[in-house]
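Asks: Contents of work38.cif (mmCIF, C-alpha atoms):
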data_target
#
loop_
_atom_site.label_atom_id
_atom_site.label_comp_id
_atom_site.auth_asym_id
_atom_site.auth_seq_id
_atom_site.Cartn_x
_atom_site.Cartn_y
_atom_site.Cartn_z
CA MET A 200 28.00 66.68 13.42
CA ALA A 201 25.82 64.58 15.72
CA GLN A 202 23.06 67.18 15.55
CA LEU A 203 23.16 67.17 11.76
CA ARG A 204 23.14 63.39 11.64
CA LEU A 205 20.00 63.31 13.79
CA LYS A 206 18.25 65.71 11.42
CA LYS A 207 19.25 64.03 8.16
CA LEU A 208 15.76 62.65 7.58
CA HIS A 209 14.23 66.07 8.28
CA PHE A 210 16.42 67.65 5.60
CA GLU A 211 15.45 64.92 3.17
CA GLN A 212 11.77 65.46 3.96
CA ALA A 213 12.27 69.18 3.36
CA GLY A 214 13.50 68.30 -0.12
CA ALA A 215 16.95 69.79 0.40
CA GLN A 216 20.40 68.63 -0.56
CA VAL A 217 22.85 69.19 2.30
CA VAL A 218 26.54 69.42 1.45
CA LEU A 219 29.37 70.21 3.85
CA VAL A 220 32.53 72.14 3.04
CA GLY A 221 35.76 71.44 4.90
CA MET A 222 39.36 72.59 4.69
CA GLY A 223 40.91 69.15 4.38
CA THR A 224 42.52 67.65 1.31
CA PRO A 225 40.44 64.93 -0.39
CA GLU A 226 42.37 62.33 1.62
CA GLU A 227 41.85 64.17 4.92
CA SER A 228 38.20 64.72 4.07
CA ALA A 229 37.67 61.03 3.32
CA ALA A 230 39.29 60.08 6.64
CA PHE A 231 37.12 62.63 8.48
CA GLU A 232 33.98 61.29 6.80
CA MET A 233 34.83 57.78 7.88
CA LYS A 234 35.87 58.66 11.45
CA PHE A 235 32.81 60.75 12.23
CA ASP A 236 30.27 58.91 10.06
CA VAL A 237 29.55 62.15 8.22
CA PRO A 238 25.95 61.98 6.99
CA PHE A 239 26.31 64.28 3.96
CA PRO A 240 28.74 64.77 1.06
CA LEU A 241 31.84 66.75 2.02
CA ILE A 242 33.53 69.18 -0.35
CA SER A 243 37.29 69.37 -0.01
CA ASP A 244 38.50 72.99 0.03
CA PRO A 245 42.06 72.94 1.40
CA LYS A 246 42.93 76.37 -0.02
CA ARG A 247 39.74 77.89 1.42
CA GLN A 248 38.80 79.26 -1.99
CA LEU A 249 35.13 78.50 -1.49
CA TYR A 250 35.17 79.98 2.02
CA GLN A 251 36.59 83.19 0.61
CA ALA A 252 34.25 83.22 -2.38
CA PHE A 253 31.27 83.12 -0.02
CA GLY A 254 32.68 85.94 2.07
CA LEU A 255 33.52 83.93 5.17
CA LYS A 256 36.19 85.66 7.19
CA ARG A 257 38.88 84.63 9.64
CA VAL A 258 38.59 85.46 13.31
CA THR A 259 41.26 87.59 14.93
CA ALA A 260 43.69 85.97 17.35
CA LEU A 261 41.85 87.75 20.17
CA GLY A 262 38.51 86.39 19.00
CA LEU A 263 39.91 82.88 18.88
CA PHE A 264 40.40 83.00 22.62
CA SER A 265 37.35 85.06 23.50
CA PRO A 266 35.43 84.27 26.71
CA SER A 267 32.35 83.19 24.73
CA ALA A 268 34.43 80.74 22.65
CA ALA A 269 36.00 79.36 25.82
CA VAL A 270 32.60 78.84 27.47
CA LYS A 271 31.30 77.03 24.39
CA GLY A 272 34.38 74.84 24.38
CA ILE A 273 33.95 73.92 28.04
CA LEU A 274 30.26 73.16 27.51
CA ALA A 275 31.08 70.95 24.52
CA MET A 276 33.69 69.02 26.50
CA SER A 277 31.23 68.58 29.38
CA LYS A 278 28.93 66.83 26.88
CA GLY A 279 31.68 64.40 25.98
CA HIS A 280 33.00 66.10 22.85
CA THR A 281 36.74 65.93 22.53
CA VAL A 282 39.21 68.14 20.71
CA GLY A 283 41.31 66.45 18.05
CA ILE A 284 44.24 67.75 16.07
CA PRO A 285 42.71 70.40 13.83
CA ILE A 286 43.01 70.13 10.05
CA GLY A 287 42.67 73.49 8.36
CA ASP A 288 42.85 77.07 9.47
CA VAL A 289 41.66 77.30 13.09
CA ARG A 290 40.90 80.98 12.55
CA GLN A 291 38.55 80.36 9.65
CA LEU A 292 34.96 81.21 10.54
CA PRO A 293 32.23 78.79 9.47
CA GLY A 294 28.89 79.65 7.90
CA VAL A 295 25.75 78.33 6.27
CA PHE A 296 24.05 79.24 3.01
CA ILE A 297 20.86 78.06 1.38
CA ILE A 298 20.81 78.33 -2.40
CA ASN A 299 17.53 77.90 -4.26
CA THR A 300 17.09 76.12 -7.58
CA ASP A 301 17.62 79.42 -9.42
CA GLY A 302 21.09 79.60 -7.91
CA ARG A 303 20.22 82.50 -5.61
CA ILE A 304 21.27 82.74 -2.00
CA VAL A 305 18.12 82.84 0.12
CA TYR A 306 19.69 82.36 3.55
CA SER A 307 23.11 83.13 4.90
CA TYR A 308 24.68 82.77 8.31
CA PHE A 309 28.11 84.16 9.07
CA ALA A 310 29.55 82.80 12.32
CA SER A 311 30.84 85.31 14.85
CA ASP A 312 33.40 82.90 16.30
CA PRO A 313 34.74 79.47 15.24
CA SER A 314 32.29 77.61 17.48
CA ASP A 315 29.26 79.63 16.35
CA HIS A 316 26.75 77.89 14.06
CA PRO A 317 22.98 77.83 13.63
CA ASP A 318 21.29 74.75 15.00
CA PRO A 319 19.75 72.40 12.41
CA ASP A 320 16.19 73.43 13.35
CA THR A 321 16.99 77.03 12.46
CA ILE A 322 18.22 75.90 9.04
CA LEU A 323 15.13 73.71 8.58
CA ARG A 324 12.88 76.67 9.40
CA ALA A 325 14.73 78.77 6.85
CA LEU A 326 14.24 76.02 4.27
CA LYS A 327 10.46 76.33 4.66
CA THR A 328 10.62 79.86 3.27
CA VAL A 329 12.47 78.82 0.10
CA ASP A 330 10.44 79.03 -3.10
CA MET B 228 30.10 89.56 1.55
CA THR B 229 27.49 87.28 0.07
CA LYS B 230 24.05 88.80 0.49
CA TYR B 231 20.45 87.69 0.25
CA ASP B 232 19.34 87.14 -3.35
CA ASP B 233 22.89 87.27 -4.67
CA LYS B 234 23.63 84.80 -7.42
CA ALA B 235 25.72 82.04 -5.87
CA LEU B 236 29.14 81.28 -7.25
CA ASP B 237 29.06 78.25 -9.52
CA ALA B 238 32.48 76.84 -8.73
CA LYS B 239 33.93 73.50 -9.67
CA VAL B 240 34.44 71.58 -6.44
CA MET B 241 35.95 68.29 -5.34
CA LEU B 242 34.33 65.83 -2.97
CA GLY B 243 36.15 63.68 -0.44
CA ASP B 244 36.04 60.73 -2.82
CA GLY B 245 37.95 62.76 -5.41
CA SER B 246 35.00 63.28 -7.75
CA GLU B 247 34.48 66.75 -9.20
CA LEU B 248 31.30 68.63 -9.93
CA PHE B 249 29.89 72.12 -10.19
CA LEU B 250 27.93 73.58 -7.30
CA SER B 251 25.07 74.21 -9.71
CA ASP B 252 24.79 70.44 -10.16
CA LEU B 253 23.78 70.37 -6.50
CA TRP B 254 21.12 73.10 -6.56
CA LYS B 255 19.50 72.45 -9.96
CA LYS B 256 16.90 70.00 -8.69
CA GLN B 257 16.48 70.98 -5.04
CA PRO B 258 17.57 73.72 -2.63
CA LEU B 259 21.14 73.33 -1.50
CA VAL B 260 22.17 73.78 2.12
CA LEU B 261 25.87 74.51 2.05
CA ILE B 262 27.44 74.16 5.49
CA PHE B 263 30.97 75.47 5.85
CA LEU B 264 32.66 73.70 8.74
CA ARG B 265 35.29 75.08 11.00
CA HIS B 266 38.50 73.06 10.96
CA LEU B 267 38.20 69.28 10.69
CA GLY B 268 38.99 67.39 13.87
#
Written as structure tokens, that's how I'd like the structure from this file.

Replies:
Amino acid sequence: MAQLRLKKLHFEQAGAQVVLVGMGTPEESAAFEMKFDVPFPLISDPKRQLYQAFGLKRVTALGLFSPSAAVKGILAMSKGHTVGIPIGDVRQLPGVFIINTDGRIVYSYFASDPSDHPDPDTILRALKTVD
Amino acid sequence: MTKYDDKALDAKVMLGDGSELFLSDLWKKQPLVLIFLRHLG
């Protein structure tokens, strides 16, 4: 979230609307937005309907505890990130999509594990190719 | 799985403040970057 917050102006300069999707109820989402000073609107999707509609899958139990996920977790904690009580399905994989003004998907990123995500600069580069 | 150049689903969604809108409301005027988070917290 901190990385996204730092790049908010860059997304605005790129002319894009950034919207997050989370698995919390509206109340949980509002609390999350306040606690983490979320820089973009947050869609509440507690039943994961939008996740499923966009083809985002759930990781297997084995994948949840994969060595690569563990290393990423340790690195995150070494940078001062803490782990709170999770809200939502911990096996749900995240992802990123860019939709152009015609409603067509022009970029998609399907995470390989729950900690996998493209960095904001990668998304910004993808935005430059949007018509 | 959603693929490049697929038409995006235009679902009715709810924001954290309880307001509702269609996804198309978000991409009509500018490209939309939709970031699906892992669990909150």

Asks: So which residues get picked by the PyMOL selection byres ((chain A) within 6 of (chain B)) here, written as number ranges by chain?

Replies: A: 215-221, 225, 228-229, 241-243, 253-254, 283-287, 289, 293-300, 302-305

Asks: Got a sec to resolve the PyMOL selection byres ((chain A and resi 313) around 10) on this structure and send the residues as a PyMOL selection string?

Replies: (chain A and resi 257-258+262-264+268+289-294+310-312+314-316) or (chain B and resi 264-266)

Asks: Looking at all atoms listed in the file, which of A:Tyr250, A:Ser307, A:Val270, A:Glu211 is the one that sits closest to Thr321 (chain A)?

Replies: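 Checking each of A:Tyr250, A:Ser307, A:Val270, A:Glu211 against Thr321 (chain A), counting all atoms listed in the file, the winner is A:Ser307.
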
Asks: Which residues match the PyMOL selection byres ((chain A and resi 327) around 12) in the file above, as a PDB file with C-alpha atoms, in the frame of the given file?

Replies:
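The resulting file, part30.pdb, is shown below:
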ATOM      1  CA  HIS A 209      14.230  66.070   8.280  1.00  0.00           C
ATOM      2  CA  PHE A 210      16.420  67.650   5.600  1.00  0.00           C
ATOM      3  CA  GLN A 212      11.770  65.460   3.960  1.00  0.00           C
ATOM      4  CA  ALA A 213      12.270  69.180   3.360  1.00  0.00           C
ATOM      5  CA  GLY A 214      13.500  68.300  -0.120  1.00  0.00           C
ATOM      6  CA  ALA A 215      16.950  69.790   0.400  1.00  0.00           C
ATOM      7  CA  ILE A 297      20.860  78.060   1.380  1.00  0.00           C
ATOM      8  CA  ASN A 299      17.530  77.900  -4.260  1.00  0.00           C
ATOM      9  CA  VAL A 305      18.120  82.840   0.120  1.00  0.00           C
ATOM     10  CA  TYR A 306      19.690  82.360   3.550  1.00  0.00           C
ATOM     11  CA  ASP A 320      16.190  73.430  13.350  1.00  0.00           C
ATOM     12  CA  THR A 321      16.990  77.030  12.460  1.00  0.00           C
ATOM     13  CA  ILE A 322      18.220  75.900   9.040  1.00  0.00           C
ATOM     14  CA  LEU A 323      15.130  73.710   8.580  1.00  0.00           C
ATOM     15  CA  ARG A 324      12.880  76.670   9.400  1.00  0.00           C
ATOM     16  CA  ALA A 325      14.730  78.770   6.850  1.00  0.00           C
ATOM     17  CA  LEU A 326      14.240  76.020   4.270  1.00  0.00           C
ATOM     18  CA  THR A 328      10.620  79.860   3.270  1.00  0.00           C
ATOM     19  CA  VAL A 329      12.470  78.820   0.100  1.00  0.00           C
ATOM     20  CA  ASP A 330      10.440  79.030  -3.100  1.00  0.00           C
TER      21      ASP A 330
ATOM     22  CA  PRO B 258      17.570  73.720  -2.630  1.00  0.00           C
TER      23      PRO B 258
END

Asks: Between A:Glu232, A:Asp301, A:Asp318, A:Asp288, which residue has the minimum interatomic distance to Asp244 (chain A), considering all atoms listed in the file?

Replies: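 Closest to Asp244 (chain A), using all atoms listed in the file: A:Asp288.
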
Asks: How far is it from CA of Tyr308 (chain A) to CA of Val237 (chain A), in Å with one decimal?

Replies: 21.2 Å

Asks: Quick check, in Å to one decimal: how far apart do CA of Lys246 (chain A) and CA of Pro317 (chain A) lie?

Replies: 24.2 Å

Asks: Kindly give the distance, in Å, that separates CA of Ala252 (chain A) and CA of Phe309 (chain A), rounded to a single decimal.

Replies: 13.0 Å

Asks: Adding 3 Å on each side of the box along x, y and z that holds all listed atoms of region 231-239 of chain B, could you give its centre and edge lengths in Å to one decimal, as AutoDock Vina command-line options?

Replies:
--center_x 26.6 --center_y 80.6 --center_z -4.7 --size_x 20.6 --size_y 20.2 --size_z 15.9
